>>> print(open('start-v8.pdb').read())   # PDB, C-alpha atoms, pLDDT in the B column
MODEL        1
ATOM      1  CA  MET A  82      19.754  -5.252  -1.700  1.00 82.00           C
ATOM      2  CA  THR A  83      20.309  -3.785   1.732  1.00 84.00           C
ATOM      3  CA  ILE A  84      21.276  -5.350   5.045  1.00 88.00           C
ATOM      4  CA  GLN A  85      20.299  -3.308   8.091  1.00 92.00           C
ATOM      5  CA  THR A  86      20.835  -3.671  11.802  1.00 94.00           C
ATOM      6  CA  TYR A  87      17.704  -4.461  13.859  1.00 95.00           C
ATOM      7  CA  LEU A  88      18.131  -4.035  17.608  1.00 94.00           C
ATOM      8  CA  ASN A  89      15.769  -5.527  20.207  1.00 93.00           C
ATOM      9  CA  PHE A  90      15.816  -3.463  23.392  1.00 93.00           C
ATOM     10  CA  ASP A  91      13.574  -5.882  25.298  1.00 89.00           C
ATOM     11  CA  GLY A  92      11.197  -3.239  26.651  1.00 89.00           C
ATOM     12  CA  ARG A  93      13.593  -0.242  26.737  1.00 92.00           C
ATOM     13  CA  CYS A  94      13.327   1.052  23.157  1.00 95.00           C
ATOM     14  CA  ASP A  95      11.899   4.496  24.012  1.00 97.00           C
ATOM     15  CA  GLU A  96      14.750   4.984  26.475  1.00 96.00           C
ATOM     16  CA  ALA A  97      17.296   3.841  23.876  1.00 97.00           C
ATOM     17  CA  LEU A  98      15.907   6.156  21.186  1.00 98.00           C
ATOM     18  CA  ALA A  99      16.082   9.152  23.532  1.00 98.00           C
ATOM     19  CA  TYR A 100      19.622   8.144  24.506  1.00 97.00           C
ATOM     20  CA  TYR A 101      20.836   7.914  20.890  1.00 97.00           C
ATOM     21  CA  LYS A 102      19.190  11.245  20.064  1.00 97.00           C
ATOM     22  CA  LYS A 103      21.118  12.844  22.925  1.00 96.00           C
ATOM     23  CA  THR A 104      24.455  11.069  22.492  1.00 95.00           C
ATOM     24  CA  LEU A 105      24.711  10.665  18.712  1.00 96.00           C
ATOM     25  CA  GLY A 106      22.225  13.158  17.279  1.00 96.00           C
ATOM     26  CA  ALA A 107      20.048  10.282  16.028  1.00 97.00           C
ATOM     27  CA  GLU A 108      16.862  11.197  14.217  1.00 98.00           C
ATOM     28  CA  VAL A 109      13.802   8.955  14.586  1.00 98.00           C
ATOM     29  CA  LYS A 110      12.248   8.513  11.159  1.00 98.00           C
ATOM     30  CA  LEU A 111       9.490   6.019  12.028  1.00 97.00           C
ATOM     31  CA  LEU A 112       7.896   4.836  15.257  1.00 97.00           C
ATOM     32  CA  MET A 113       5.012   2.356  15.548  1.00 95.00           C
ATOM     33  CA  ARG A 114       3.592   1.125  18.831  1.00 93.00           C
ATOM     34  CA  PHE A 115       1.980  -2.271  19.409  1.00 88.00           C
ATOM     35  CA  LYS A 116      -1.414  -0.596  19.951  1.00 87.00           C
ATOM     36  CA  ASP A 117      -1.219   0.798  16.396  1.00 86.00           C
ATOM     37  CA  ASN A 118      -0.863  -2.600  14.712  1.00 82.00           C
ATOM     38  CA  PRO A 119      -3.863  -2.994  12.361  1.00 79.00           C
ATOM     39  CA  GLN A 120      -3.184  -6.716  11.904  1.00 74.00           C
ATOM     40  CA  PRO A 121      -4.289  -9.239  14.526  1.00 69.00           C
ATOM     41  CA  PRO A 122      -1.322 -10.954  16.217  1.00 68.00           C
ATOM     42  CA  GLN A 123      -0.314 -14.441  15.157  1.00 71.00           C
ATOM     43  CA  GLU A 124      -0.958 -17.229  17.620  1.00 71.00           C
ATOM     44  CA  GLY A 125       1.721 -17.310  20.282  1.00 65.00           C
ATOM     45  CA  HIS A 126       2.933 -13.797  19.413  1.00 63.00           C
ATOM     46  CA  ALA A 127       0.340 -11.618  21.125  1.00 63.00           C
ATOM     47  CA  PRO A 128       1.977  -9.039  23.375  1.00 62.00           C
ATOM     48  CA  ASP A 129       0.734  -8.463  26.881  1.00 68.00           C
ATOM     49  CA  PRO A 130      -2.031  -5.800  26.773  1.00 76.00           C
ATOM     50  CA  ALA A 131       0.109  -3.731  29.143  1.00 78.00           C
ATOM     51  CA  TYR A 132       2.627  -3.625  26.281  1.00 81.00           C
ATOM     52  CA  ALA A 133       0.355  -1.506  24.048  1.00 86.00           C
ATOM     53  CA  GLU A 134       2.519   1.624  24.413  1.00 91.00           C
ATOM     54  CA  LYS A 135       5.784  -0.218  23.721  1.00 92.00           C
ATOM     55  CA  VAL A 136       7.633   0.174  20.407  1.00 94.00           C
ATOM     56  CA  MET A 137       6.666  -2.453  17.859  1.00 92.00           C
ATOM     57  CA  HIS A 138       9.014  -1.028  15.195  1.00 95.00           C
ATOM     58  CA  SER A 139      11.176   2.042  14.784  1.00 98.00           C
ATOM     59  CA  GLU A 140      13.764   3.364  12.379  1.00 98.00           C
ATOM     60  CA  PHE A 141      16.352   5.960  13.265  1.00 98.00           C
ATOM     61  CA  THR A 142      19.353   7.410  11.517  1.00 97.00           C
ATOM     62  CA  VAL A 143      22.824   8.027  12.847  1.00 96.00           C
ATOM     63  CA  GLY A 144      24.813   9.871  10.225  1.00 92.00           C
ATOM     64  CA  ASP A 145      23.997   8.200   6.898  1.00 92.00           C
ATOM     65  CA  THR A 146      22.965   4.888   8.461  1.00 94.00           C
ATOM     66  CA  THR A 147      19.462   3.680   9.257  1.00 96.00           C
ATOM     67  CA  ILE A 148      19.101   1.389  12.270  1.00 97.00           C
ATOM     68  CA  MET A 149      15.864  -0.382  13.150  1.00 97.00           C
ATOM     69  CA  ALA A 150      14.776  -1.105  16.719  1.00 97.00           C
ATOM     70  CA  THR A 151      11.957  -2.615  18.742  1.00 95.00           C
ATOM     71  CA  ASP A 152      10.907  -3.421  22.268  1.00 91.00           C
ATOM     72  CA  GLY A 153      10.256  -6.972  21.131  1.00 84.00           C
ATOM     73  CA  TYR A 154       7.951  -8.912  23.418  1.00 68.00           C
ATOM     74  CA  ALA A 155      10.181  -8.582  26.514  1.00 64.00           C
ATOM     75  CA  LYS A 156       9.937 -12.332  27.017  1.00 65.00           C
ATOM     76  CA  SER A 157      13.643 -13.071  27.003  1.00 65.00           C
ATOM     77  CA  ASP A 158      16.950 -11.800  28.262  1.00 70.00           C
ATOM     78  CA  MET A 159      18.215 -10.232  25.034  1.00 73.00           C
ATOM     79  CA  LYS A 160      21.937  -9.609  24.828  1.00 79.00           C
ATOM     80  CA  PHE A 161      23.857  -7.752  22.157  1.00 85.00           C
ATOM     81  CA  GLU A 162      26.607 -10.284  21.529  1.00 84.00           C
ATOM     82  CA  GLY A 163      28.576 -11.432  18.518  1.00 88.00           C
ATOM     83  CA  PHE A 164      28.558  -8.102  16.690  1.00 91.00           C
ATOM     84  CA  GLN A 165      29.588  -4.464  17.000  1.00 95.00           C
ATOM     85  CA  LEU A 166      28.394  -1.313  15.297  1.00 96.00           C
ATOM     86  CA  ALA A 167      31.379   0.410  13.663  1.00 96.00           C
ATOM     87  CA  TYR A 168      30.905   4.180  13.551  1.00 96.00           C
ATOM     88  CA  SER A 169      33.412   6.026  11.340  1.00 96.00           C
ATOM     89  CA  MET A 170      33.679   9.683  12.256  1.00 94.00           C
ATOM     90  CA  LYS A 171      35.128  12.621  10.315  1.00 94.00           C
ATOM     91  CA  SER A 172      37.294  14.083  13.069  1.00 97.00           C
ATOM     92  CA  ASP A 173      39.051  13.061  16.256  1.00 98.00           C
ATOM     93  CA  ALA A 174      36.992  15.639  18.160  1.00 98.00           C
ATOM     94  CA  ASP A 175      33.740  14.081  16.861  1.00 96.00           C
ATOM     95  CA  ALA A 176      35.023  10.616  17.778  1.00 97.00           C
ATOM     96  CA  LYS A 177      35.902  11.693  21.313  1.00 98.00           C
ATOM     97  CA  LYS A 178      32.518  13.335  21.816  1.00 97.00           C
ATOM     98  CA  ALA A 179      30.623  10.241  20.592  1.00 97.00           C
ATOM     99  CA  PHE A 180      32.886   7.822  22.494  1.00 98.00           C
ATOM    100  CA  ASP A 181      32.604   9.711  25.771  1.00 98.00           C
ATOM    101  CA  ALA A 182      28.819  10.031  25.421  1.00 97.00           C
ATOM    102  CA  LEU A 183      28.346   6.319  24.686  1.00 97.00           C
ATOM    103  CA  ALA A 184      30.769   5.333  27.469  1.00 98.00           C
ATOM    104  CA  ASP A 185      28.686   7.189  30.080  1.00 96.00           C
ATOM    105  CA  GLY A 186      26.922   4.354  31.894  1.00 96.00           C
ATOM    106  CA  GLY A 187      28.573   1.801  29.607  1.00 97.00           C
ATOM    107  CA  GLU A 188      31.757  -0.230  29.660  1.00 97.00           C
ATOM    108  CA  VAL A 189      34.935   0.646  27.747  1.00 98.00           C
ATOM    109  CA  SER A 190      36.840  -2.364  26.416  1.00 98.00           C
ATOM    110  CA  GLN A 191      39.474  -0.348  24.539  1.00 98.00           C
ATOM    111  CA  PRO A 192      40.002   3.346  25.285  1.00 98.00           C
ATOM    112  CA  LEU A 193      39.960   5.779  22.390  1.00 98.00           C
ATOM    113  CA  ALA A 194      43.515   6.085  21.058  1.00 98.00           C
ATOM    114  CA  GLU A 195      45.568   6.441  17.888  1.00 97.00           C
ATOM    115  CA  THR A 196      46.338   3.208  16.028  1.00 97.00           C
ATOM    116  CA  PHE A 197      48.161   2.268  12.847  1.00 96.00           C
ATOM    117  CA  PHE A 198      44.842   2.259  10.937  1.00 97.00           C
ATOM    118  CA  ALA A 199      42.988   5.155  12.598  1.00 98.00           C
ATOM    119  CA  THR A 200      43.769   8.517  14.130  1.00 98.00           C
ATOM    120  CA  SER A 201      41.192   7.561  16.795  1.00 98.00           C
ATOM    121  CA  PHE A 202      39.864   4.102  17.601  1.00 98.00           C
ATOM    122  CA  GLY A 203      38.071   2.729  20.650  1.00 98.00           C
ATOM    123  CA  MET A 204      35.593   0.018  21.619  1.00 98.00           C
ATOM    124  CA  LEU A 205      32.842  -0.015  24.224  1.00 98.00           C
ATOM    125  CA  ALA A 206      29.437  -1.325  25.166  1.00 97.00           C
ATOM    126  CA  ASP A 207      26.900   1.431  25.850  1.00 97.00           C
ATOM    127  CA  ARG A 208      24.444   1.377  28.772  1.00 96.00           C
ATOM    128  CA  PHE A 209      22.135  -0.952  26.807  1.00 94.00           C
ATOM    129  CA  GLY A 210      24.919  -3.406  26.032  1.00 94.00           C
ATOM    130  CA  VAL A 211      25.165  -2.434  22.354  1.00 96.00           C
ATOM    131  CA  ARG A 212      28.816  -2.791  21.350  1.00 97.00           C
ATOM    132  CA  TRP A 213      30.431   0.025  19.379  1.00 97.00           C
ATOM    133  CA  MET A 214      33.712   0.638  17.584  1.00 98.00           C
ATOM    134  CA  ILE A 215      34.278   4.379  17.182  1.00 98.00           C
ATOM    135  CA  MET A 216      36.958   5.380  14.711  1.00 98.00           C
ATOM    136  CA  VAL A 217      38.445   8.013  12.483  1.00 98.00           C
ATOM    137  CA  PRO A 218      40.108   6.068   9.653  1.00 96.00           C
ATOM    138  CA  ARG A 219      43.458   7.294   8.420  1.00 94.00           C
ATOM    139  CA  PRO A 220      43.247   8.997   5.033  1.00 87.00           C
ATOM    140  CA  THR A 221      44.318   6.730   2.209  1.00 80.00           C
TER     141      THR A 221
ENDMDL
END
>>> encode(input="start-v8.pdb", output="structure tokens")
Amino acid sequence: MTIQTYLNFDGRCDEALAYYKKTLGAEVKLLMRFKDNPQPPQEGHAPDPAYAEKVMHSEFTVGDTTIMATDGYAKSDMKFEGFQLAYSMKSDADAKKAFDALADGGEVSQPLAETFFATSFGMLADRFGVRWMIMVPRPT
């Protein structure tokens, strides 16, 4: 069994995918748009026809992790609350690069610094509001 993260960007998924490609080297593995859905929508779930080009479903990888994402139906004020994505890096230099890139346009809640459990650890919300913990765990 696998549990995966599924992010709803509420109409900004293409922008988010481009951002994660640039900042984290993400690789988009799958992208389906609403116009490509071969199945008729269920009652009450039909997207606005202007939404045809929006992302119905996507999968992208960051490191060894697959993350799924969508535009959703852009009918609500989605917020990324109650969770964080923890990204363990191999080096302090990699952590700094990722942290600084994600912090651009975002909000740092804990600057990247050495802790008792990591040579680098920091927390932030990126420009989309996705919360991240960037770390380089201490060798055990």
>>> atom_distance(input="start-v8.pdb", atom1="CA of Pro220 in chain A", atom2="CA of Ser172 in chain A")
11.2 Å
>>> closest_residue(input="start-v8.pdb", among="A:Ile148, A:Ala194, A:Met159, A:Ala176", to="Thr83 in chain A", atoms="all atoms listed in the file")
A:Ile148
>>> residues_around(input="start-v8.pdb", residues="Ala184 in chain A", least_positions_apart="6", cutoff="10 Å", atoms="all atoms listed in the file", output="list in words")
Thr104, Lys178, Ser190, Pro192, Met204, Leu205, Ala206, Asp207, Arg208 and Trp213 of chain A
>>> resolve_selection(input="start-v8.pdb", expression="the PyMOL selection byres ((chain A and resi 88-96) around 12)", output="PyMOL selection string")
chain A and resi 85-87+97-103+109+112-115+128-129+131-141+147-162+164-166+208-212
>>> resolve_selection(input="start-v8.pdb", expression="the PyMOL selection byres ((chain A and resi 143) around 8)", output="PyMOL selection string")
chain A and resi 105-108+141-142+144-148
>>> atom_distance(input="start-v8.pdb", atom1="CA of Phe180 in chain A", atom2="CA of Thr196 in chain A")
15.6 Å
>>> atom_distance(input="start-v8.pdb", atom1="CA of Asp185 in chain A", atom2="CA of Ala199 in chain A")
22.7 Å
>>> closest_residue(input="start-v8.pdb", among="A:Lys171, A:Lys116, A:Lys110, A:Arg219", to="Phe198 in chain A", atoms="all atoms listed in the file")
A:Arg219
>>> axis_aligned_box(input="start-v8.pdb", around="range 174-189 of chain A", padding_each_side="5 Å", output="lines of an AutoDock Vina configuration file")
center_x = 32.0
center_y = 7.7
center_z = 24.4
size_x = 20.1
size_y = 25.9
size_z = 25.0
>>> closest_residue(input="start-v8.pdb", among="A:Ala174, A:Ala167, A:Ala179, A:Ile215", to="Gln191 in chain A", atoms="all atoms listed in the file")
A:Ile215
>>> resolve_selection(input="start-v8.pdb", expression="the PyMOL selection byres ((chain A and resi 169) around 6)", output="PyMOL selection string")
chain A and resi 168+170+216-217
